[in-house]
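Visitor: Attaching a single structure in C-alpha cells format; questions to follow.
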Amino acid sequence: MSWTPNLTYIPKLDEILDARDDRKANLTCGVEMEFLVPATCTRAPVCGLRFEVGEGEIEDCKKQVRTQLLAMLENELPELIFSDMDEDDFHPPHDNVVIYHCWRLGSDSTVCKIDGPGSRERAHLWTECELTSTVMDDDDYARNVEDICRVLRQARAYMNNSTALHVHVGRGDEPFSLLTLKKFASLYWLMEKPILDVHHPSRRNNKYCFRLNKCSVLATTSSARLEVEIRDSKSKDLEQFHRYIPDTDFGRLRMIQLRRIWACDSIEEVATLMQRGDKTPLARAADLRGAVGFKRFLPAGKTGGNLQTFEWRQMSGSLDANHINRWIEFCLAFTNFCRLSDSSTFRDLVETLVEGGDDYVVSDLFEALDVDPRIFEDMLSVWSEDPDCQQ
C-alpha cells in the first residue's frame, strides 16, 4: 500500500508547548517491538525457517533477512503500510523527527542472541529487528497488534532477555499540559516499583529500563540541593501542589522530591528531572531514558520542538497480543487519569496508595483505572516457575 506524506503544520514541533487544556480528544499510542529472526544459510539449509540468505558479510545478510520479513508483512497484511527505517520520512524542516505514518522495520543495537555463541549458530543467522507502529488510536491498536503478532509468529520471531516492547502515549498532533506532566511524574514516582514488578524479571534491573526513582536527575540530586531549587522556582508557593498532593506521610526525601516536581516551571524542566542523572554510571543506566522515557518532551529537531509522548519501556519482548494490548490499555488509562482527573480525584488516589503502603499492590491500581489485571497475574505465575526467570 502506498502513502503520500501529510505535511500538515504541527506547532509542537517548533517549540515545547504547554497546552492550556489537554482534556479534549482521545489519546493516541504506538509500539516498538524488538525481536530476533532466524534465517537459514544456503550452504547448510535448515528446515522450517522462513528466510534464507547466501554467503557474504553478516550485516549484508541481515539486511536480506529484514527485506524478506518486510515483504512477508506486506504480503500477509496488505491493509497496513510498511517501510524500511532506512527510507524514513521526516517532518520538515527536521532531519530527525520521524513521521510515524506506517509500520517501520529496522535494526536495533540493544538486541542480541545472548544465549548462544554468536549471530551464526548451527547454520542459523540471527537478525536483530525493531518494528515500530504507525500512530494508533483506541479503534485500531488492538486489531493491529493481533495481526502483527500473528505474522511474526509465522516468521519464527524469537524473544530473549535483550528484547523489549515500548509503548508511546501521546495526543496525536497536540501537546500535553504542564499540569498533566506533573501529575504523571508524581503518580509514577510513587508507583514505579510495583509497576515494574508486574513485568518479566529481566526488566527490573535493566540498564535500558532503569528505575527513575533510583537513577534519574531527581533521584540523584541531594535533598539540600532540591530544596534550593524549590526556593528559586517561580512556583515556590506550591499552591497547585497542595491541591493535588495530600498531606500524608511520604517520608521527608520523597516529599521533597514531589515538591520539586511541582516546582517546575516548564514541561522541559519536568522531563529533565526524569532523565538519567550525571552521577549514574552507564553500567546501571545506558540511556538517558529510564523505565518511562520523557525524551520526547525535550527539544529536538532544528526548531526545538518534539512529539511529546510518554515512552513506557517496562515490558519485555512479547508476541502475546492479549498481554501487549492489556499493557497498552494500562498505559493509556494511567495517562488519561493524569490528564483528566480533577484535584480531589487525583489526591484521593494518591492518598489511598500511600496509606495502603505495601498492602497496596499494582493490581489495585489496575482496578482503580478499570484495567483487567489477570493477564499480568497469570504471566507472573508462569515466570515464577521458570528457573531462567529467577533473579
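The chains in the C-alpha cells are called A, B, ... from first to last as shown; in each chain the residues are counted from 1, and the ligands are counted from 1 in the order shown.
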Can you tell me, as a list in words, what residues are no more than 6 Å from Leu105 of chain A when counting only C-alpha atoms, ignoring any on the same chain fewer than 4 positions away?
Guide: Asp84, Met85, Glu130 and Leu131 of chain A
Visitor: If we count only C-alpha atoms and set the cut-off at 9 Å, which residues sit around segment 189-201 of chain A, ignoring sequence neighbours fewer than 4 positions away in its own chain? Please answer as a list in words.
Guide: Asn161, Phe184, Ala185, Asn205, Arg211, Leu212, Asn213, Arg254, Leu258, Ala291, Gln314, Met315, Ser316, Val350, Leu353, Val354, Val361, Val362, Ser363, Leu365, Phe376, Glu377, Met379, Leu380, Trp383, Cys389, Gln390 and Gln391 of chain A
Visitor: Create the file for the chosen residues now, containing N, CA and C atoms and written as an mmCIF file, in the first residue's frame.
Guide:
data_model
loop_
_atom_site.group_PDB
_atom_site.id
_atom_site.type_symbol
_atom_site.label_atom_id
_atom_site.label_comp_id
_atom_site.auth_asym_id
_atom_site.auth_seq_id
_atom_site.Cartn_x
_atom_site.Cartn_y
_atom_site.Cartn_z
ATOM 1 N N ASN A 161 16.069 -12.097 26.769
ATOM 2 C CA ASN A 161 16.149 -11.032 27.763
ATOM 3 C C ASN A 161 16.673 -9.714 27.212
ATOM 4 N N PHE A 184 1.499 13.082 36.140
ATOM 5 C CA PHE A 184 2.063 11.814 35.662
ATOM 6 C C PHE A 184 3.345 11.481 36.417
ATOM 7 N N ALA A 185 4.279 12.427 36.470
ATOM 8 C CA ALA A 185 5.567 12.177 37.124
ATOM 9 C C ALA A 185 5.376 11.830 38.599
ATOM 10 N N ASN A 205 16.094 -4.883 36.720
ATOM 11 C CA ASN A 205 17.403 -4.277 36.973
ATOM 12 C C ASN A 205 18.129 -4.177 35.637
ATOM 13 N N ARG A 211 15.201 2.323 36.884
ATOM 14 C CA ARG A 211 14.179 2.954 37.713
ATOM 15 C C ARG A 211 14.459 4.446 37.837
ATOM 16 N N LEU A 212 13.460 5.253 37.551
ATOM 17 C CA LEU A 212 13.615 6.697 37.661
ATOM 18 C C LEU A 212 13.902 7.107 39.098
ATOM 19 N N ASN A 213 13.260 6.426 40.060
ATOM 20 C CA ASN A 213 13.494 6.843 41.449
ATOM 21 C C ASN A 213 14.761 6.245 42.054
ATOM 22 N N ARG A 254 11.043 11.759 49.966
ATOM 23 C CA ARG A 254 10.034 11.633 48.912
ATOM 24 C C ARG A 254 9.170 12.882 48.826
ATOM 25 N N LEU A 258 8.717 15.154 45.479
ATOM 26 C CA LEU A 258 7.416 15.505 44.903
ATOM 27 C C LEU A 258 7.256 17.017 44.807
ATOM 28 N N ALA A 291 12.683 3.696 32.842
ATOM 29 C CA ALA A 291 11.521 2.829 32.695
ATOM 30 C C ALA A 291 10.359 3.555 32.022
ATOM 31 N N GLN A 314 8.857 -0.655 30.111
ATOM 32 C CA GLN A 314 8.985 -1.734 31.089
ATOM 33 C C GLN A 314 8.777 -3.134 30.521
ATOM 34 N N MET A 315 8.037 -3.295 29.468
ATOM 35 C CA MET A 315 7.610 -4.626 29.041
ATOM 36 C C MET A 315 8.708 -5.351 28.280
ATOM 37 N N SER A 316 8.853 -6.640 28.544
ATOM 38 C CA SER A 316 9.800 -7.469 27.801
ATOM 39 C C SER A 316 9.220 -7.792 26.427
ATOM 40 N N VAL A 350 -3.864 9.149 45.274
ATOM 41 C CA VAL A 350 -2.521 9.222 45.853
ATOM 42 C C VAL A 350 -2.575 8.893 47.336
ATOM 43 N N LEU A 353 -3.093 5.051 47.854
ATOM 44 C CA LEU A 353 -1.939 4.182 47.601
ATOM 45 C C LEU A 353 -0.834 4.402 48.638
ATOM 46 N N VAL A 354 -0.683 5.628 49.123
ATOM 47 C CA VAL A 354 0.354 5.882 50.128
ATOM 48 C C VAL A 354 -0.038 5.273 51.464
ATOM 49 N N VAL A 361 -1.119 -2.971 46.164
ATOM 50 C CA VAL A 361 -0.339 -3.587 45.097
ATOM 51 C C VAL A 361 -0.789 -3.028 43.760
ATOM 52 N N VAL A 362 0.003 -3.324 42.723
ATOM 53 C CA VAL A 362 -0.285 -2.719 41.432
ATOM 54 C C VAL A 362 -1.617 -3.192 40.867
ATOM 55 N N SER A 363 -2.065 -4.398 41.238
ATOM 56 C CA SER A 363 -3.379 -4.839 40.764
ATOM 57 C C SER A 363 -4.477 -3.914 41.260
ATOM 58 N N LEU A 365 -4.091 -0.717 41.559
ATOM 59 C CA LEU A 365 -4.027 0.422 40.648
ATOM 60 C C LEU A 365 -4.675 0.073 39.311
ATOM 61 N N PHE A 376 -1.591 -10.173 33.705
ATOM 62 C CA PHE A 376 -0.317 -9.893 34.366
ATOM 63 C C PHE A 376 -0.096 -10.861 35.527
ATOM 64 N N GLU A 377 -1.155 -11.159 36.264
ATOM 65 C CA GLU A 377 -1.050 -12.143 37.345
ATOM 66 C C GLU A 377 -0.716 -13.521 36.786
ATOM 67 N N MET A 379 0.940 -14.163 33.967
ATOM 68 C CA MET A 379 2.321 -14.168 33.491
ATOM 69 C C MET A 379 3.300 -14.260 34.661
ATOM 70 N N LEU A 380 3.001 -13.565 35.745
ATOM 71 C CA LEU A 380 3.870 -13.658 36.923
ATOM 72 C C LEU A 380 3.924 -15.087 37.439
ATOM 73 N N TRP A 383 6.221 -17.057 35.065
ATOM 74 C CA TRP A 383 7.641 -16.721 35.242
ATOM 75 C C TRP A 383 8.174 -17.245 36.566
ATOM 76 N N CYS A 389 13.996 -17.335 34.924
ATOM 77 C CA CYS A 389 13.446 -16.029 35.289
ATOM 78 C C CYS A 389 13.805 -15.639 36.729
ATOM 79 N N GLN A 390 14.493 -16.505 37.454
ATOM 80 C CA GLN A 390 14.828 -16.208 38.837
ATOM 81 C C GLN A 390 16.015 -15.266 38.888
ATOM 82 N N GLN A 391 15.891 -14.227 39.709
ATOM 83 C CA GLN A 391 16.975 -13.251 39.850
ATOM 84 C C GLN A 391 17.406 -13.182 41.305
#
Visitor: Report as number ranges by chain all protein, DNA and RNA residues lying within 8 Å of Ala19 of chain A, evaluated on only C-alpha atoms, omitting residues in the same chain fewer than 5 positions from it.
Guide: A: 174-178
Visitor: May I have the residues from that selection written out with N, CA and C atoms, as a PDB file, in the first residue's frame?
Guide:
ATOM      1  N   GLU A 174      -1.242  17.145  19.016  1.00  0.00           N
ATOM      2  CA  GLU A 174      -1.401  18.157  20.068  1.00  0.00           C
ATOM      3  C   GLU A 174      -0.455  17.908  21.246  1.00  0.00           C
ATOM      4  N   PRO A 175      -0.088  18.962  21.979  1.00  0.00           N
ATOM      5  CA  PRO A 175       0.795  18.812  23.145  1.00  0.00           C
ATOM      6  C   PRO A 175       0.022  18.472  24.415  1.00  0.00           C
ATOM      7  N   PHE A 176       0.745  18.062  25.438  1.00  0.00           N
ATOM      8  CA  PHE A 176       0.197  17.897  26.774  1.00  0.00           C
ATOM      9  C   PHE A 176       0.348  19.205  27.553  1.00  0.00           C
ATOM     10  N   SER A 177      -0.307  19.250  28.687  1.00  0.00           N
ATOM     11  CA  SER A 177      -0.156  20.405  29.578  1.00  0.00           C
ATOM     12  C   SER A 177       0.929  20.133  30.616  1.00  0.00           C
ATOM     13  N   LEU A 178       1.471  21.180  31.167  1.00  0.00           N
ATOM     14  CA  LEU A 178       2.444  21.045  32.252  1.00  0.00           C
ATOM     15  C   LEU A 178       1.807  20.358  33.451  1.00  0.00           C
TER      16      LEU A 178
END
Visitor: Smallest atom-to-atom distance to Phe210 of chain A: which of A:Ile328, A:Val111, A:Val292, A:Ala263, using only C-alpha atoms?
Guide: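 For Phe210 of chain A, the nearest of the given residues is A:Val292.
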Visitor: For Thr127 of chain A, list every protein, DNA or RNA residue within 6 Å, evaluated using only C-alpha atoms, and leave out those in the same chain fewer than 5 positions away; present the list as an NGL selection string.
Guide: :A and (36-37 or 62)
Visitor: How would the residues just picked look written out with all heavy atoms as a compact mmCIF listing (two decimals), in the first residue's frame?
Guide:
# COMPACT_ATOMS: atom_id res chain seq x y z
N LEU A 36 14.27 -11.07 17.49
CA LEU A 36 15.26 -11.64 16.58
C LEU A 36 14.54 -12.56 15.59
O LEU A 36 13.52 -13.16 15.93
CB LEU A 36 16.31 -12.45 17.34
CG LEU A 36 17.25 -11.65 18.23
CD1 LEU A 36 17.14 -12.13 19.67
CD2 LEU A 36 18.67 -11.74 17.76
N VAL A 37 15.07 -12.66 14.39
CA VAL A 37 14.51 -13.55 13.38
C VAL A 37 15.60 -14.49 12.91
O VAL A 37 16.69 -14.06 12.54
CB VAL A 37 13.94 -12.76 12.19
CG1 VAL A 37 13.53 -13.69 11.06
CG2 VAL A 37 12.76 -11.92 12.62
N LYS A 62 21.97 -9.88 7.12
CA LYS A 62 20.87 -9.45 7.99
C LYS A 62 19.96 -8.47 7.26
O LYS A 62 18.73 -8.48 7.45
CB LYS A 62 21.44 -8.81 9.26
CG LYS A 62 22.10 -9.80 10.20
CD LYS A 62 22.65 -9.12 11.45
CE LYS A 62 23.28 -10.14 12.39
NZ LYS A 62 23.82 -9.50 13.61
Visitor: How far is it from atom CA of Thr272 of chain A to atom CA of His168 of chain A, in Å with one decimal?
Guide: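 Separation of atom CA of Thr272 of chain A and atom CA of His168 of chain A: 18.0 Å.
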Visitor: Hey, what's within 8 Å of Leu13 of chain A if we count only C-alpha atoms and toss same-chain stuff fewer than 5 positions away? As a count of residues only, please?
Guide: 6
Visitor: As number ranges by chain, list the residues of segment 119-339 of chain A assigned to strand (DSSP E or B) by DSSP on the backbone atoms of this structure.
Guide: A: 120-121, 124-132, 136, 158, 164-171, 174, 216, 276, 292-293, 300, 305, 310-316
Visitor: Kindly export the residues of the current selection with N, CA, C and O atoms, as a compact mmCIF listing (two decimals), in the first residue's frame.
Guide:
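What follows is the written file selection_7.txt:
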# COMPACT_ATOMS: atom_id res chain seq x y z
N ARG A 120 25.79 -16.38 14.15
CA ARG A 120 25.62 -17.61 13.36
C ARG A 120 25.74 -18.80 14.31
O ARG A 120 26.75 -18.98 14.97
N GLU A 121 24.67 -19.56 14.41
CA GLU A 121 24.66 -20.70 15.33
C GLU A 121 23.99 -21.89 14.64
O GLU A 121 22.82 -21.80 14.26
N HIS A 124 22.25 -21.13 11.59
CA HIS A 124 21.26 -20.06 11.71
C HIS A 124 21.98 -18.71 11.61
O HIS A 124 23.10 -18.54 12.07
N LEU A 125 21.29 -17.75 11.05
CA LEU A 125 21.71 -16.35 11.17
C LEU A 125 20.62 -15.65 11.96
O LEU A 125 19.46 -15.64 11.56
N TRP A 126 21.00 -15.08 13.08
CA TRP A 126 20.04 -14.38 13.93
C TRP A 126 20.10 -12.89 13.60
O TRP A 126 21.15 -12.27 13.71
N THR A 127 18.96 -12.32 13.22
CA THR A 127 18.89 -10.93 12.80
C THR A 127 18.12 -10.10 13.81
O THR A 127 16.96 -10.42 14.12
N GLU A 128 18.74 -9.03 14.32
CA GLU A 128 18.11 -8.15 15.29
C GLU A 128 17.13 -7.23 14.56
O GLU A 128 17.48 -6.62 13.55
N CYS A 129 15.93 -7.13 15.09
CA CYS A 129 14.89 -6.33 14.43
C CYS A 129 14.16 -5.44 15.44
O CYS A 129 14.02 -5.78 16.61
N GLU A 130 13.72 -4.31 14.93
CA GLU A 130 12.78 -3.45 15.65
C GLU A 130 11.68 -3.07 14.68
O GLU A 130 11.95 -2.60 13.57
N LEU A 131 10.44 -3.26 15.09
CA LEU A 131 9.28 -2.90 14.29
C LEU A 131 8.49 -1.85 15.06
O LEU A 131 8.02 -2.12 16.17
N THR A 132 8.37 -0.66 14.50
CA THR A 132 7.62 0.40 15.17
C THR A 132 6.32 0.67 14.42
O THR A 132 6.27 0.60 13.19
N MET A 136 -1.53 5.11 16.45
CA MET A 136 -2.79 4.38 16.51
C MET A 136 -3.72 5.00 17.55
O MET A 136 -3.27 5.69 18.46
N TYR A 158 11.81 -14.48 17.57
CA TYR A 158 12.34 -15.06 18.81
C TYR A 158 12.58 -13.93 19.81
O TYR A 158 13.06 -12.85 19.45
N ALA A 164 12.60 -6.08 24.10
CA ALA A 164 11.63 -5.32 24.88
C ALA A 164 10.50 -4.85 23.98
O ALA A 164 10.58 -4.95 22.75
N LEU A 165 9.45 -4.35 24.61
CA LEU A 165 8.35 -3.72 23.89
C LEU A 165 8.06 -2.39 24.56
O LEU A 165 7.82 -2.34 25.77
N HIS A 166 8.13 -1.32 23.80
CA HIS A 166 7.89 0.03 24.32
C HIS A 166 6.55 0.54 23.81
O HIS A 166 6.18 0.30 22.66
N VAL A 167 5.85 1.26 24.66
CA VAL A 167 4.57 1.87 24.30
C VAL A 167 4.69 3.38 24.42
O VAL A 167 5.08 3.90 25.47
N HIS A 168 4.38 4.08 23.34
CA HIS A 168 4.33 5.54 23.36
C HIS A 168 2.89 6.00 23.47
O HIS A 168 2.02 5.49 22.77
N VAL A 169 2.65 6.97 24.34
CA VAL A 169 1.31 7.54 24.51
C VAL A 169 1.39 9.04 24.29
O VAL A 169 2.21 9.73 24.91
N GLY A 170 0.55 9.55 23.40
CA GLY A 170 0.55 10.97 23.10
C GLY A 170 -0.85 11.48 22.82
O GLY A 170 -1.86 10.80 23.06
N ARG A 171 -0.90 12.70 22.27
CA ARG A 171 -2.18 13.33 21.90
C ARG A 171 -2.23 13.62 20.41
O ARG A 171 -2.74 14.65 19.97
N GLU A 174 -1.24 17.14 19.02
CA GLU A 174 -1.40 18.16 20.07
C GLU A 174 -0.46 17.91 21.25
O GLU A 174 -0.09 16.77 21.53
N SER A 216 17.55 8.67 38.13
CA SER A 216 17.25 9.91 37.41
C SER A 216 17.91 11.12 38.07
O SER A 216 18.47 11.03 39.17
N ARG A 276 18.33 10.36 32.96
CA ARG A 276 19.40 9.75 33.75
C ARG A 276 20.25 10.85 34.39
O ARG A 276 20.64 11.83 33.76
N VAL A 292 10.26 4.84 32.22
CA VAL A 292 9.42 5.70 31.39
C VAL A 292 10.32 6.78 30.81
O VAL A 292 11.03 7.46 31.55
N GLY A 293 10.30 6.91 29.51
CA GLY A 293 11.14 7.91 28.85
C GLY A 293 10.38 9.21 28.65
O GLY A 293 9.25 9.23 28.17
N ALA A 300 14.11 18.93 20.23
CA ALA A 300 14.74 18.11 19.21
C ALA A 300 14.56 18.81 17.87
O ALA A 300 13.95 19.88 17.77
N GLY A 305 11.24 21.77 18.96
CA GLY A 305 10.04 21.11 19.44
C GLY A 305 10.25 19.60 19.53
O GLY A 305 11.36 19.09 19.35
N PHE A 310 4.83 10.01 26.14
CA PHE A 310 5.38 9.24 27.25
C PHE A 310 5.78 7.88 26.69
O PHE A 310 4.97 7.20 26.06
N GLU A 311 7.02 7.47 26.95
CA GLU A 311 7.50 6.19 26.43
C GLU A 311 7.61 5.18 27.56
O GLU A 311 8.53 5.23 28.38
N TRP A 312 6.68 4.23 27.60
CA TRP A 312 6.67 3.18 28.61
C TRP A 312 7.59 2.05 28.14
O TRP A 312 7.30 1.39 27.15
N ARG A 313 8.69 1.80 28.88
CA ARG A 313 9.74 0.90 28.42
C ARG A 313 9.85 -0.38 29.28
O ARG A 313 10.84 -1.10 29.19
N GLN A 314 8.86 -0.66 30.11
CA GLN A 314 8.98 -1.73 31.09
C GLN A 314 8.78 -3.13 30.52
O GLN A 314 9.30 -4.11 31.08
N MET A 315 8.04 -3.29 29.47
CA MET A 315 7.61 -4.63 29.04
C MET A 315 8.71 -5.35 28.28
O MET A 315 9.42 -4.76 27.47
N SER A 316 8.85 -6.64 28.54
CA SER A 316 9.80 -7.47 27.80
C SER A 316 9.22 -7.79 26.43
O SER A 316 8.02 -7.64 26.18
Visitor: If we count only C-alpha atoms, what is near segment 225-242 of chain A at a cut-off of 8 Å, once residues fewer than 2 positions away on the same chain are taken out, given as a count of residues only?
Guide: 15
Visitor: Tell me which of A:Ile261, A:Cys112, A:Leu282, A:Leu253 sits closest to Thr180 of chain A, counting only C-alpha atoms.
Guide: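 Closest to Thr180 of chain A of all the choices is A:Ile261.
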Visitor: Rank A:Gln275, A:Asn336, A:Val217, A:Cys149 by their smallest atom-to-atom distance to Ala25 of chain A, using only C-alpha atoms, and report the top residue only.
Guide: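 For Ala25 of chain A, the nearest of the candidates is A:Asn336.
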Visitor: Point out the residue among A:Glu57, A:Asp139, A:Asp364, A:Glu34 with the least atom-to-atom distance to Gly106 of chain A, counting only C-alpha atoms.
Guide: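 So, comparing all the options, the nearest one is A:Glu34.
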Visitor: What's the 10 Å shell around Asp138 of chain A, counting only C-alpha atoms, without same-chain residues fewer than 3 positions away, as an MDAnalysis selection string?
Guide: chainID A and resid 26:29 141:143 328:329 332
Visitor: Could you save the residues just selected, with N, CA and C atoms, as a PDB file, in the first residue's frame?
Guide:
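As written to disk, again_25.pdb reads:
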ATOM      1  N   ASN A  26      -9.152  12.097  22.178  1.00  0.00           N
ATOM      2  CA  ASN A  26      -8.612  10.858  22.719  1.00  0.00           C
ATOM      3  C   ASN A  26      -7.095  10.813  22.609  1.00  0.00           C
ATOM      4  N   LEU A  27      -6.505   9.955  23.419  1.00  0.00           N
ATOM      5  CA  LEU A  27      -5.065   9.731  23.329  1.00  0.00           C
ATOM      6  C   LEU A  27      -4.752   8.849  22.124  1.00  0.00           C
ATOM      7  N   THR A  28      -3.514   8.924  21.676  1.00  0.00           N
ATOM      8  CA  THR A  28      -3.007   8.042  20.630  1.00  0.00           C
ATOM      9  C   THR A  28      -1.856   7.221  21.215  1.00  0.00           C
ATOM     10  N   CYS A  29      -1.496   6.158  20.521  1.00  0.00           N
ATOM     11  CA  CYS A  29      -0.415   5.313  21.020  1.00  0.00           C
ATOM     12  C   CYS A  29       0.375   4.720  19.866  1.00  0.00           C
ATOM     13  N   TYR A 141      -5.638  -0.101  17.619  1.00  0.00           N
ATOM     14  CA  TYR A 141      -4.386  -0.661  18.131  1.00  0.00           C
ATOM     15  C   TYR A 141      -4.507  -2.151  18.444  1.00  0.00           C
ATOM     16  N   ALA A 142      -5.619  -2.569  19.036  1.00  0.00           N
ATOM     17  CA  ALA A 142      -5.747  -3.979  19.437  1.00  0.00           C
ATOM     18  C   ALA A 142      -5.726  -4.901  18.220  1.00  0.00           C
ATOM     19  N   ARG A 143      -6.488  -4.551  17.203  1.00  0.00           N
ATOM     20  CA  ARG A 143      -6.524  -5.384  15.997  1.00  0.00           C
ATOM     21  C   ARG A 143      -5.168  -5.406  15.295  1.00  0.00           C
ATOM     22  N   ILE A 328      -0.925  -1.920  26.841  1.00  0.00           N
ATOM     23  CA  ILE A 328      -1.236  -0.652  26.168  1.00  0.00           C
ATOM     24  C   ILE A 328      -2.443   0.002  26.830  1.00  0.00           C
ATOM     25  N   GLU A 329      -3.451  -0.815  27.148  1.00  0.00           N
ATOM     26  CA  GLU A 329      -4.651  -0.294  27.805  1.00  0.00           C
ATOM     27  C   GLU A 329      -4.295   0.365  29.133  1.00  0.00           C
ATOM     28  N   LEU A 332      -2.456   3.748  28.502  1.00  0.00           N
ATOM     29  CA  LEU A 332      -3.433   4.765  28.112  1.00  0.00           C
ATOM     30  C   LEU A 332      -4.268   5.205  29.313  1.00  0.00           C
TER      31      LEU A 332
END
